[in-house]
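J.: Structure file input27.csv (CSV, C-alpha atoms) right here:
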chain,number,residue,atom,x,y,z
J,991,MET,CA,-11.4,0.7,13.7
J,992,MET,CA,-9.5,0.8,10.4
J,993,TYR,CA,-10.9,0.9,6.8
J,994,SER,CA,-9.1,-0.3,3.7
J,995,HIS,CA,-11.4,-0.9,0.7
J,996,ASP,CA,-8.7,-2.7,-1.4
J,997,SER,CA,-10.5,-3.2,-4.6
J,998,TYR,CA,-7.3,-3.9,-6.6
J,999,GLY,CA,-3.9,-5.1,-5.5
J,1000,LEU,CA,-2.6,-5.8,-2.0
J,1001,GLY,CA,-0.9,-2.5,-1.1
J,1002,HIS,CA,-3.6,-0.8,1.0
J,1003,LEU,CA,-4.3,-3.9,3.0
J,1004,ARG,CA,-0.7,-4.7,3.8
J,1005,ARG,CA,0.0,-1.1,4.9
J,1006,THR,CA,-3.1,-1.1,7.1
J,1007,LEU,CA,-2.1,-4.4,8.7
J,1008,ALA,CA,1.4,-3.1,9.4
J,1009,LEU,CA,-0.2,-0.1,11.2
J,1010,ALA,CA,-2.5,-2.4,13.1
J,1011,GLU,CA,0.4,-4.4,14.3
J,1012,ALA,CA,2.2,-1.3,15.4
J,1013,PHE,CA,-0.8,-0.1,17.5
J,1014,VAL,CA,-1.1,-3.5,19.2
J,1015,GLU,CA,2.7,-3.7,19.8
J,1016,ALA,CA,2.6,-0.2,21.4
J,1017,ASN,CA,-0.3,-1.2,23.7
J,1018,PRO,CA,-1.2,-4.9,23.9
J,1019,LYS,CA,-4.6,-3.9,25.3
J,1020,THR,CA,-5.5,-2.3,22.0
J,1021,ASN,CA,-8.2,-3.9,19.9
J,1022,VAL,CA,-8.2,-3.3,16.1
J,1023,LEU,CA,-11.1,-4.1,13.9
J,1024,LEU,CA,-10.1,-3.9,10.2
J,1025,LEU,CA,-12.7,-3.5,7.6
J,1026,THR,CA,-11.6,-4.6,4.1
J,1027,GLY,CA,-12.9,-5.9,0.9
J,1028,SER,CA,-9.7,-7.7,0.0
J,1029,THR,CA,-10.1,-11.3,-1.1
J,1030,VAL,CA,-6.8,-12.4,0.5
J,1031,SER,CA,-7.2,-10.7,3.9
J,1032,ASN,CA,-7.1,-14.0,5.7
J,1033,SER,CA,-3.8,-15.0,4.2
J,1034,TYR,CA,-1.8,-12.8,6.6
J,1035,ARG,CA,-0.9,-13.7,10.2
J,1036,MET,CA,-2.2,-11.2,12.7
J,1037,SER,CA,-1.4,-10.6,16.3
J,1038,GLN,CA,-3.8,-11.1,19.1
J,1039,GLY,CA,-6.1,-8.1,19.3
J,1040,ILE,CA,-6.5,-7.7,15.6
J,1041,ASP,CA,-9.5,-9.0,13.7
J,1042,ILE,CA,-11.0,-8.5,10.3
J,1043,LEU,CA,-14.5,-7.7,9.2
J,1044,LYS,CA,-14.6,-8.8,5.5
J,1045,LEU,CA,-16.7,-6.5,3.3
J,1046,PRO,CA,-18.2,-8.0,0.1
J,1047,SER,CA,-15.6,-7.5,-2.6
J,1048,ALA,CA,-15.8,-5.0,-5.4
J,1049,VAL,CA,-13.6,-4.6,-8.4
J,1050,LYS,CA,-12.7,-1.5,-10.5
J,1051,VAL,CA,-13.7,-2.0,-14.1
J,1052,GLY,CA,-12.3,1.3,-15.5
J,1053,GLY,CA,-13.4,4.9,-15.8
J,1054,GLY,CA,-13.9,5.2,-12.0
J,1055,LYS,CA,-16.6,2.5,-12.1
J,1056,TYR,CA,-16.9,-0.5,-9.9
J,1057,GLU,CA,-18.7,-3.8,-10.0
J,1058,SER,CA,-19.4,-6.6,-7.5
J,1059,SER,CA,-16.5,-9.0,-7.6
J,1060,ARG,CA,-18.1,-12.2,-6.1
J,1061,LEU,CA,-21.8,-11.6,-5.6
J,1062,SER,CA,-24.3,-11.5,-8.5
J,1063,ILE,CA,-25.8,-8.2,-7.4
J,1064,SER,CA,-25.7,-4.6,-8.8
J,1065,PHE,CA,-23.0,-2.3,-7.5
J,1066,LYS,CA,-25.7,-0.1,-6.0
J,1067,ARG,CA,-26.9,-2.9,-3.8
J,1068,LEU,CA,-23.3,-3.9,-3.0
J,1069,LYS,CA,-22.4,-0.4,-1.9
J,1070,GLN,CA,-25.5,-0.2,0.2
J,1071,LEU,CA,-24.6,-3.5,1.9
J,1072,ARG,CA,-21.0,-2.4,2.5
J,1073,SER,CA,-22.1,1.0,3.8
J,1074,THR,CA,-24.5,-0.7,6.2
J,1075,LEU,CA,-21.9,-3.0,7.5
J,1076,ILE,CA,-19.4,-0.2,8.0
J,1077,ILE,CA,-21.7,2.0,10.0
J,1078,GLY,CA,-23.0,-1.0,11.9
J,1079,ALA,CA,-19.5,-1.8,12.9
J,1080,ALA,CA,-18.9,1.7,14.1
J,1081,GLU,CA,-22.1,1.6,16.2
J,1082,SER,CA,-21.3,-1.7,17.8
J,1083,PHE,CA,-17.5,-1.5,18.1
J,1084,GLU,CA,-17.5,2.1,19.4
J,1085,PRO,CA,-14.0,2.9,18.3
J,1086,ASP,CA,-11.8,5.4,20.0
J,1087,VAL,CA,-10.1,6.0,16.6
J,1088,PHE,CA,-11.4,5.5,13.1
J,1089,LEU,CA,-8.5,5.4,10.6
J,1090,VAL,CA,-9.4,5.5,6.9
J,1091,ASP,CA,-6.9,4.6,4.3
J,1092,LYS,CA,-6.4,6.7,1.1
J,1093,ALA,CA,-9.9,7.3,0.0
J,1094,PRO,CA,-11.2,10.2,2.2
J,1095,LEU,CA,-14.9,9.2,1.9
J,1096,GLY,CA,-14.2,5.5,1.1
J,1097,MET,CA,-15.0,3.7,-2.2
J,1098,LYS,CA,-17.7,5.7,-3.9
J,1099,SER,CA,-18.3,7.6,-0.6
J,1100,GLU,CA,-19.3,4.5,1.3
J,1101,VAL,CA,-17.7,5.7,4.5
J,1102,GLU,CA,-19.2,9.2,4.5
J,1103,ASP,CA,-22.3,8.3,6.5
J,1104,THR,CA,-20.1,6.6,9.1
J,1105,LEU,CA,-17.8,9.6,9.4
J,1106,ARG,CA,-20.8,11.9,9.9
J,1107,PHE,CA,-22.3,9.5,12.4
J,1108,LEU,CA,-19.1,9.5,14.4
J,1109,ASN,CA,-18.8,13.3,14.3
J,1110,ASP,CA,-22.4,13.8,15.4
J,1111,GLU,CA,-23.0,10.9,17.8
J,1112,ARG,CA,-19.6,9.9,19.0
J,1113,PRO,CA,-17.5,13.1,19.0
J,1114,ALA,CA,-15.0,11.3,21.3
J,1115,THR,CA,-13.9,9.3,18.3
J,1116,LEU,CA,-10.7,10.6,16.6
J,1117,ASN,CA,-11.2,10.5,12.8
J,1118,VAL,CA,-7.9,10.0,11.0
J,1119,LEU,CA,-7.2,10.0,7.2
J,1120,GLY,CA,-4.1,8.2,6.1
J,1121,LEU,CA,-2.6,9.1,2.7
J,1122,ARG,CA,0.2,7.3,0.9
J,1123,ASP,CA,3.3,9.3,-0.1
J,1124,VAL,CA,2.1,9.8,-3.7
J,1125,MET,CA,-1.5,9.8,-4.7
J,1126,ASP,CA,-1.3,10.7,-8.4
J,1127,ASP,CA,-0.3,13.7,-10.5
J,1128,PRO,CA,-1.0,16.6,-8.1
J,1129,GLY,CA,-3.1,18.5,-10.8
J,1130,GLN,CA,-5.3,15.4,-11.3
J,1131,VAL,CA,-5.8,15.0,-7.6
J,1132,ARG,CA,-6.7,18.6,-7.2
J,1133,HIS,CA,-9.2,18.6,-10.0
J,1134,SER,CA,-10.8,15.3,-9.0
J,1135,TRP,CA,-11.1,16.3,-5.3
J,1136,ARG,CA,-12.4,19.8,-6.1
J,1137,GLU,CA,-15.2,18.4,-8.3
J,1138,ARG,CA,-16.3,16.0,-5.5
J,1139,GLY,CA,-15.9,18.5,-2.6
J,1140,ILE,CA,-13.2,16.4,-1.0
J,1141,PRO,CA,-11.2,19.2,0.6
J,1142,GLU,CA,-14.3,20.5,2.4
J,1143,SER,CA,-15.2,17.0,3.6
J,1144,ILE,CA,-11.7,16.4,4.9
J,1145,GLU,CA,-11.7,19.7,6.7
J,1146,LYS,CA,-15.1,19.0,8.3
J,1147,LEU,CA,-14.9,15.3,9.1
J,1148,TYR,CA,-11.3,14.5,10.0
J,1149,ASP,CA,-9.3,15.5,13.1
J,1150,LEU,CA,-5.9,14.4,11.7
J,1151,VAL,CA,-4.3,13.6,8.4
J,1152,LEU,CA,-1.2,11.3,8.2
J,1153,VAL,CA,1.0,11.2,5.1
J,1154,TYR,CA,2.8,7.8,4.9
J,1155,GLY,CA,6.1,9.1,3.5
J,1156,PRO,CA,8.9,11.6,4.3
J,1157,ARG,CA,8.4,15.2,3.3
J,1158,GLU,CA,12.0,15.4,1.9
J,1159,VAL,CA,11.2,12.7,-0.8
J,1160,TYR,CA,7.9,14.1,-1.9
J,1161,ASP,CA,5.7,17.0,-0.6
J,1162,PRO,CA,2.7,17.7,-2.9
J,1163,LEU,CA,0.1,18.2,-0.2
J,1164,SER,CA,-0.3,22.0,-0.8
J,1165,GLU,CA,-1.1,21.2,-4.4
J,1166,TYR,CA,-4.1,19.0,-3.6
J,1167,GLY,CA,-6.3,22.0,-2.8
J,1168,LEU,CA,-6.6,21.2,0.9
J,1169,HIS,CA,-7.7,23.9,3.4
J,1170,GLU,CA,-5.0,25.6,5.5
J,1171,GLY,CA,-6.6,24.1,8.6
J,1172,THR,CA,-6.3,20.6,7.2
J,1173,ILE,CA,-2.6,21.1,6.3
J,1174,ALA,CA,-2.0,22.4,9.8
J,1175,ARG,CA,-3.4,19.1,11.2
J,1176,THR,CA,-1.3,17.0,8.8
J,1177,HIS,CA,1.8,15.0,9.8
J,1178,TYR,CA,4.4,13.4,7.5
J,1179,VAL,CA,5.2,10.3,9.5
J,1180,GLY,CA,7.6,8.5,7.1
J,1181,TYR,CA,7.3,5.3,5.1
J,1182,ILE,CA,5.4,2.5,6.8
J,1183,GLY,CA,8.1,-0.2,7.2
J,1184,LYS,CA,7.4,-3.6,8.5
J,1185,LYS,CA,9.5,-5.3,11.3
J,1186,HIS,CA,10.3,-8.7,10.0
J,1187,ARG,CA,12.5,-11.6,10.8
J,1188,LEU,CA,14.4,-13.6,8.1
J,1189,LYS,CA,13.1,-17.1,7.8
J,1190,ALA,CA,15.5,-20.0,7.9
J,1191,VAL,CA,17.2,-20.6,4.6
J,1192,SER,CA,15.5,-24.0,4.3
J,1193,GLU,CA,12.1,-22.2,4.0
J,1194,LEU,CA,13.2,-20.1,1.0
J,1195,PRO,CA,12.8,-21.6,-2.5
J,1196,PHE,CA,16.6,-21.0,-3.2
J,1197,GLU,CA,19.7,-20.1,-1.3
J,1198,PRO,CA,20.0,-16.3,-0.7
J,1199,GLY,CA,21.3,-14.3,-3.6
J,1200,TYR,CA,18.6,-15.0,-6.2
J,1201,ALA,CA,16.8,-12.5,-8.4
J,1202,LEU,CA,13.2,-11.8,-7.2
J,1203,VAL,CA,10.6,-10.6,-9.6
J,1204,THR,CA,7.4,-9.3,-8.1
J,1205,PRO,CA,4.6,-7.2,-9.8
J,1206,GLY,CA,2.6,-6.9,-6.5
J,1207,GLY,CA,-0.9,-8.1,-6.8
J,1208,GLY,CA,-0.2,-9.2,-10.4
J,1209,GLY,CA,-3.3,-8.0,-12.2
J,1210,ASP,CA,-1.2,-6.1,-14.7
J,1211,GLY,CA,2.2,-7.6,-14.1
J,1212,LEU,CA,2.6,-9.9,-17.1
J,1213,LYS,CA,4.6,-7.5,-19.2
J,1214,VAL,CA,7.3,-7.0,-16.5
J,1215,ILE,CA,7.6,-10.8,-15.9
J,1216,GLU,CA,7.5,-11.7,-19.5
J,1217,THR,CA,10.2,-9.2,-20.4
J,1218,TYR,CA,12.4,-10.5,-17.6
J,1219,LEU,CA,12.1,-14.1,-18.6
J,1220,LYS,CA,12.8,-13.3,-22.3
J,1221,GLY,CA,15.9,-11.5,-21.1
J,1222,LEU,CA,16.9,-14.4,-18.9
J,1223,ALA,CA,16.6,-16.8,-21.9
J,1224,LEU,CA,19.2,-14.8,-24.0
J,1225,ARG,CA,22.0,-16.6,-22.2
J,1226,GLU,CA,22.6,-18.8,-19.2
J,1227,PRO,CA,22.5,-16.6,-16.0
J,1228,ASP,CA,24.7,-16.9,-13.0
J,1229,HIS,CA,21.8,-16.6,-10.6
J,1230,ASP,CA,18.5,-18.3,-9.7
J,1231,SER,CA,15.3,-16.5,-10.1
J,1232,ILE,CA,12.0,-16.4,-8.2
J,1233,ILE,CA,8.9,-15.1,-9.9
J,1234,VAL,CA,5.9,-14.2,-7.7
J,1235,THR,CA,3.1,-13.6,-10.1
J,1236,GLY,CA,0.6,-12.2,-7.5
J,1237,PRO,CA,-2.8,-13.7,-6.7
J,1238,MET,CA,-4.6,-11.4,-9.1
J,1239,MET,CA,-2.9,-12.5,-12.2
J,1240,SER,CA,-5.2,-14.3,-14.5
J,1241,ASP,CA,-4.9,-18.1,-15.0
J,1242,ARG,CA,-4.1,-17.4,-18.7
J,1243,ASP,CA,-1.3,-15.0,-17.9
J,1244,ARG,CA,0.1,-17.4,-15.2
J,1245,ARG,CA,0.2,-20.2,-17.7
J,1246,ARG,CA,2.1,-17.9,-20.1
J,1247,VAL,CA,4.7,-17.2,-17.3
J,1248,GLU,CA,5.1,-20.9,-16.5
J,1249,GLY,CA,5.6,-21.7,-20.1
J,1250,LEU,CA,8.3,-19.0,-20.5
J,1251,ALA,CA,10.0,-20.2,-17.3
J,1252,ARG,CA,10.2,-23.8,-18.3
J,1253,GLY,CA,13.8,-25.0,-18.7
J,1254,LEU,CA,15.3,-21.9,-16.9
J,1255,ARG,CA,16.6,-21.6,-13.3
J,1256,VAL,CA,13.3,-20.2,-12.2
J,1257,ARG,CA,10.7,-20.9,-9.5
J,1258,VAL,CA,7.2,-19.5,-10.2
J,1259,LEU,CA,5.0,-18.9,-7.2
J,1260,GLU,CA,1.6,-17.4,-7.1
J,1261,PHE,CA,1.6,-15.7,-3.7
J,1262,ARG,CA,3.6,-15.4,-0.6
J,1263,ALA,CA,2.3,-13.6,2.5
J,1264,ASP,CA,5.9,-13.3,3.7
J,1265,MET,CA,7.2,-11.3,0.8
J,1266,GLU,CA,9.5,-9.3,3.0
J,1267,ASP,CA,11.4,-12.5,3.7
J,1268,LEU,CA,11.8,-13.3,0.0
J,1269,ILE,CA,13.1,-9.7,-0.4
J,1270,GLN,CA,15.6,-10.2,2.4
J,1271,GLY,CA,17.0,-13.3,0.8
J,1272,ALA,CA,17.2,-11.7,-2.7
J,1273,GLY,CA,20.4,-10.4,-4.3
J,1274,VAL,CA,18.5,-8.2,-6.7
J,1275,VAL,CA,14.8,-7.3,-6.9
J,1276,VAL,CA,12.8,-6.4,-10.1
J,1277,ALA,CA,9.4,-4.9,-9.2
J,1278,MET,CA,6.7,-2.5,-10.1
J,1279,GLY,CA,6.7,0.7,-8.0
J,1280,GLY,CA,3.9,0.1,-5.5
J,1281,TYR,CA,4.1,1.6,-2.1
J,1282,ASN,CA,4.6,-1.5,0.0
J,1283,THR,CA,7.1,-3.2,-2.3
J,1284,THR,CA,9.1,0.0,-2.6
J,1285,THR,CA,9.1,0.4,1.2
J,1286,GLU,CA,10.3,-3.2,1.7
J,1287,LEU,CA,13.1,-2.7,-0.8
J,1288,LEU,CA,14.2,0.5,1.0
J,1289,GLU,CA,14.0,-1.2,4.3
J,1290,ALA,CA,16.0,-4.3,3.1
J,1291,ARG,CA,18.5,-2.0,1.3
J,1292,LYS,CA,18.4,-4.2,-1.7
J,1293,PRO,CA,19.5,-3.3,-5.3
J,1294,ALA,CA,16.3,-2.8,-7.1
J,1295,LEU,CA,15.0,-2.2,-10.6
J,1296,ILE,CA,11.6,-0.6,-10.8
J,1297,VAL,CA,9.3,-0.7,-13.8
J,1298,PRO,CA,6.5,1.6,-12.7
J,1299,ARG,CA,2.8,1.4,-13.7
J,1300,VAL,CA,2.0,4.6,-15.6
J,1301,GLU,CA,-1.8,4.1,-16.2
J,1302,PRO,CA,-4.4,4.9,-15.0
J,1303,ARG,CA,-2.3,6.8,-12.4
J,1304,VAL,CA,1.3,8.1,-12.5
J,1305,GLU,CA,1.8,7.4,-8.7
J,1306,GLN,CA,4.3,4.7,-9.3
J,1307,LEU,CA,6.2,6.7,-11.9
J,1308,ILE,CA,6.5,9.7,-9.6
J,1309,ARG,CA,7.7,7.6,-6.7
J,1310,ALA,CA,10.3,5.7,-8.9
J,1311,GLU,CA,11.6,8.9,-10.4
J,1312,ARG,CA,12.1,10.5,-7.0
J,1313,LEU,CA,13.8,7.4,-5.5
J,1314,THR,CA,16.0,6.9,-8.6
J,1315,GLY,CA,17.0,10.5,-8.5
J,1316,LEU,CA,18.1,10.0,-4.9
J,1317,GLY,CA,20.2,7.0,-6.0
J,1318,LEU,CA,18.1,4.5,-4.0
J,1319,THR,CA,16.7,2.5,-7.0
J,1320,GLN,CA,17.1,2.1,-10.7
J,1321,MET,CA,14.1,2.3,-13.1
J,1322,ILE,CA,13.0,1.6,-16.6
J,1323,HIS,CA,10.0,3.4,-18.0
J,1324,PRO,CA,7.6,0.8,-19.4
J,1325,ASP,CA,7.7,2.5,-22.9
J,1326,GLU,CA,11.5,1.7,-23.0
J,1327,LEU,CA,11.2,-1.9,-21.7
J,1328,THR,CA,13.0,-4.6,-23.7
J,1329,PRO,CA,14.4,-8.0,-22.7
J,1330,GLU,CA,17.9,-6.8,-23.6
J,1331,LEU,CA,17.7,-3.6,-21.4
J,1332,MET,CA,16.2,-5.4,-18.5
J,1333,ARG,CA,18.8,-8.2,-18.6
J,1334,ALA,CA,21.6,-5.6,-18.7
J,1335,LYS,CA,20.1,-3.6,-15.8
J,1336,VAL,CA,19.7,-6.7,-13.7
J,1337,GLU,CA,23.3,-7.8,-14.4
J,1338,ASP,CA,24.6,-4.3,-13.5
J,1339,LEU,CA,22.7,-4.5,-10.2
J,1340,PHE,CA,24.2,-7.9,-9.4
J,1341,GLU,CA,27.6,-6.5,-10.1
J,1342,SER,CA,27.1,-3.3,-8.2
J,1343,ARG,CA,26.0,-5.1,-5.0
J,1344,ARG,CA,29.5,-6.6,-4.7
J,1345,ALA,CA,31.0,-3.2,-4.5
J,1346,PRO,CA,30.6,-1.4,-1.1
J,1347,ARG,CA,28.7,1.8,-1.3
J,1348,VAL,CA,26.8,4.1,1.0
J,1349,ARG,CA,23.1,4.1,0.5
J,1350,LEU,CA,21.0,7.1,1.6
J,1351,ARG,CA,18.7,6.2,4.4
J,1352,VAL,CA,15.1,7.4,4.3
J,1353,ASP,CA,12.6,7.5,7.2
J,1354,LEU,CA,11.0,4.1,7.6
J,1355,SER,CA,9.6,4.6,11.1
J,1356,GLY,CA,6.2,5.7,9.8
J,1357,ALA,CA,4.2,3.0,11.7
J,1358,ASP,CA,5.7,3.9,15.1
J,1359,ARG,CA,5.4,7.6,14.3
J,1360,ALA,CA,1.7,7.2,13.3
J,1361,VAL,CA,1.0,5.5,16.6
J,1362,GLU,CA,2.6,8.4,18.4
J,1363,VAL,CA,0.7,11.1,16.5
J,1364,VAL,CA,-2.7,9.3,16.8
J,1365,THR,CA,-2.2,8.6,20.5
J,1366,GLU,CA,-1.3,12.2,21.1
J,1367,GLY,CA,-4.3,13.3,19.0
J,1368,LEU,CA,-6.7,11.1,21.0
J,1369,GLN,CA,-5.3,12.5,24.3
J,1370,ASN,CA,-5.7,16.1,23.1
J,1371,LEU,CA,-9.3,15.3,22.0
J,1372,ARG,CA,-10.2,13.9,25.4
J,1373,ARG,CA,-8.5,16.8,27.2
J,1374,GLY,CA,-10.4,19.3,25.1
J,1375,ARG,CA,-13.7,17.5,25.9
J,1376,ARG,CA,-12.9,17.5,29.6
J,1377,ASP,CA,-12.0,21.2,29.5
J,1378,ALA,CA,-15.3,22.0,27.7
J,1379,GLU,CA,-17.3,20.0,30.2
J,1380,ALA,CA,-15.6,21.8,33.1
J,1381,VAL,CA,-16.4,25.2,31.6
J,1382,GLY,CA,-20.0,24.0,31.0
J,1383,ALA,CA,-20.4,22.9,34.6
Is it possible to express this structure as structure tokens?
T.:
Amino acid sequence: MMYSHDSYGLGHLRRTLALAEAFVEANPKTNVLLLTGSTVSNSYRMSQGIDILKLPSAVKVGGGKYESSRLSISFKRLKQLRSTLIIGAAESFEPDVFLVDKAPLGMKSEVEDTLRFLNDERPATLNVLGLRDVMDDPGQVRHSWRERGIPESIEKLYDLVLVYGPREVYDPLSEYGLHEGTIARTHYVGYIGKKHRLKAVSELPFEPGYALVTPGGGGDGLKVIETYLKGLALREPDHDSIIVTGPMMSDRDRRRVEGLARGLRVRVLEFRADMEDLIQGAGVVVAMGGYNTTTELLEARKPALIVPRVEPRVEQLIRAERLTGLGLTQMIHPDELTPELMRAKVEDLFESRRAPRVRLRVDLSGADRAVEVVTEGLQNLRRGRRDAEAVGA
């Protein structure tokens, strides 16, 4: 059983689905039940053995506060409903493994009761916490987690911790205030790449070699897209462009994008579940610095310009700075963003891709490695229980 609250954006859901696919591919008899509040969860193709339990959606409204996204009920009632569904799923599904994405206790601690239930009533279940490569500024994470007792909860409730990134790119775990025992049970598995196949050219909006602009979910992506289109309008480009606004961009912002794109060599799309195929066909990619988009860019080895989000978290900024420092991407800080600079950077990337150069490879085998670590952890848990029962007998 996997949990991904996904109140904003698409990143957590896409990463969790990639992991689910890896578990089923490793063992076709595996059944994965994915619990998520994402409103686009049914837009993705899933292998046999994977199913979704849709939780009522919530949306973050700032200051760490949430509201119901679709239902006209208080957040207190929404959280109670979601918590009941989660623990009910655990009781009925009886998972061998419970894998929680990013939030150790779930959204507003909605998973805590389920974790305690599994520890007390189903000790044969392996509880696993999966953390993305960068959470936020380490000092902020440490302060927030200490206030909420998160390090103690992780130490008590989880058997394993997975970090979805390579240690050599970023290694802040010791700064999060985690217990030594937790760190000893932590595995850096590498980025969660996605095995994909390039679609036929006829299924792509343009011939390969276009510029692709994608702000992820799109909720705060207008500035990046608007700046790109204004730069494109400065003079006739030599390339086509595809803009994927993201399903969470407001109708007003999408109309703004469509207006700016009118008369240019641009296709504006709202959403593509096969984003990795669009990336494969691109000559250059302009994106924000979210986990999944960045991973897909690294996997496709595409020239990329990152304009990271810097509020309310600096996760994307840290990731972009690290990867740019390694020569894997280019970046523009949003405070320095202008149409002229973006246009120049994109043209430089188009030019540089024609010149052969060696790109540093990073570990993208995180999904397969995660399956190995979890499988081994489950075997060790069962072996320990058998040994304990033998001693008791």
J.: So, with all atoms listed in the file as the atoms that count, which of J:Pro1237, J:Leu1288, J:Ala1114, J:Leu1307 lies closest to Ala1263 (chain J)?
T.: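 The answer is J:Pro1237, which sits nearest to Ala1263 (chain J).
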J.: Let me make sure I understand: among J:Val1256, J:Tyr1178, J:Val1153, J:His995, which one has the smallest atom-to-atom distance to Ser1099 (chain J) if we use all atoms listed in the file?
T.: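 Nearest candidate to Ser1099 (chain J) out of J:Val1256, J:Tyr1178, J:Val1153, J:His995: J:His995.
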J.: Contacts of Pro1324 (chain J) at 9 Å or less, counting all atoms listed in the file, minus same-chain residues fewer than 5 places along, as a list in words?
T.: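 Listing them by chain and then by number gives Lys1213, Val1214, Val1297, Pro1298, Arg1299 and Val1300 of chain J.
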J.: List as a Markdown table every residue of region 1095-1143 of chain J that is in contact with region 1086-1089 of chain J, defined as an atom at most 12 Å from one of its atoms (using only C-alpha atoms), together with the nearest atom pair and the distance in Å rounded to one decimal, sorted by chain and then rising number.
T.:
| residue | atom | partner | partner_atom | distance |
| --- | --- | --- | --- | --- |
| J:Leu1095 | CA | J:Leu1089 | CA | 11.4 |
| J:Gly1096 | CA | J:Leu1089 | CA | 11.1 |
| J:Val1101 | CA | J:Phe1088 | CA | 10.7 |
| J:Thr1104 | CA | J:Phe1088 | CA | 9.6 |
| J:Leu1105 | CA | J:Phe1088 | CA | 8.5 |
| J:Arg1106 | CA | J:Phe1088 | CA | 11.8 |
| J:Phe1107 | CA | J:Phe1088 | CA | 11.6 |
| J:Leu1108 | CA | J:Phe1088 | CA | 8.8 |
| J:Asn1109 | CA | J:Phe1088 | CA | 10.8 |
| J:Arg1112 | CA | J:Asp1086 | CA | 9.1 |
| J:Pro1113 | CA | J:Asp1086 | CA | 9.6 |
| J:Ala1114 | CA | J:Asp1086 | CA | 6.8 |
| J:Thr1115 | CA | J:Asp1086 | CA | 4.7 |
| J:Leu1116 | CA | J:Val1087 | CA | 4.6 |
| J:Asn1117 | CA | J:Phe1088 | CA | 5.0 |
| J:Val1118 | CA | J:Leu1089 | CA | 4.7 |
| J:Leu1119 | CA | J:Leu1089 | CA | 5.9 |
| J:Gly1120 | CA | J:Leu1089 | CA | 6.9 |
| J:Leu1121 | CA | J:Leu1089 | CA | 10.5 |
J.: Extract, using only C-alpha atoms, all DNA, RNA and protein residues at most 10 Å from Gly1171 (chain J), discarding same-chain residues fewer than 6 positions from it, and format them as a list in words.
T.: Ile1144, Glu1145 and Lys1146 of chain J
J.: Please, could you write that set of residues out with C-alpha atoms as a PDB file, in the coordinates of the input?
T.:
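Everything below was put into again-v8.pdb:
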ATOM      1  CA  ILE J1144     -11.700  16.400   4.900  1.00  0.00           C
ATOM      2  CA  GLU J1145     -11.700  19.700   6.700  1.00  0.00           C
ATOM      3  CA  LYS J1146     -15.100  19.000   8.300  1.00  0.00           C
TER       4      LYS J1146
END
J.: Suppose you want the space between CA of Leu1194 (chain J) and CA of Pro1293 (chain J); what is it in Å?
T.: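 Rounded to one decimal, the two atoms are 19.0 Å apart.
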J.: Just give me the gap between CA of Val1336 (chain J) and CA of Asp1228 (chain J) in Å, one decimal is fine.
T.: 11.4 Å
J.: Using only C-alpha atoms, can you tell me which of J:Tyr1148, J:Leu1212, J:Met991, J:Arg1122 comes closest to Gly1078 (chain J)?
T.: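 That would be J:Met991, the residue with the smallest distance to Gly1078 (chain J).
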J.: Taking all atoms listed in the file into account, which of J:Thr1314, J:Gln1070, J:Thr1365, J:Thr1285 comes nearest Asp1353 (chain J)?
T.: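 Of all the options, J:Thr1285 lies closest to Asp1353 (chain J).
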J.: I'd like the contact shell of region 1340-1343 of chain J - 9 Å cut-off, all atoms listed in the file, skipping same-chain residues fewer than 3 positions apart - returned as a ChimeraX atom specification.
T.: /J:1201,1273-1274,1292-1293,1335-1337,1346-1347
J.: Record the distance separating CA of Arg1035 (chain J) and CA of Val1151 (chain J), expressed in Å with one decimal.
T.: 27.6 Å
J.: Need the neighbours of (-5.2, 21.8, -4.2): which residues are at most 10 Å away, counting all atoms listed in the file, as a ChimeraX atom specification?
T.: /J:1128-1136,1141,1162-1169
J.: Using only C-alpha atoms and a cutoff of 8 Å, can you tell me which residues are near (-13.3, -6.0, -9.1) in the file's coordinates, and write them out as an MDAnalysis selection string?
T.: chainID J and resid 997:998 1047:1051 1056:1059
J.: For Pro1329 (chain J), which residue among J:Glu1216, J:Asp1267, J:Glu1137, J:Asp1103 is the nearest when counting only C-alpha atoms?
T.: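 Smallest separation from Pro1329 (chain J) among the options: J:Glu1216.
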J.: Compile the contact shell of Glu1100 (chain J) as a ChimeraX atom specification: residues with an atom at most 12 Å away, counting all atoms listed in the file, same-chain residues fewer than 4 positions apart removed.
T.: /J:993-995,1045,1065-1077,1090,1093-1096,1104-1106
J.: Point out the residue among J:Arg1257, J:Arg1309, J:Arg1303, J:Arg1225 with the least atom-to-atom distance to Gly1279 (chain J), counting only C-alpha atoms.
T.: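 For Gly1279 (chain J), the nearest of the candidates is J:Arg1309.
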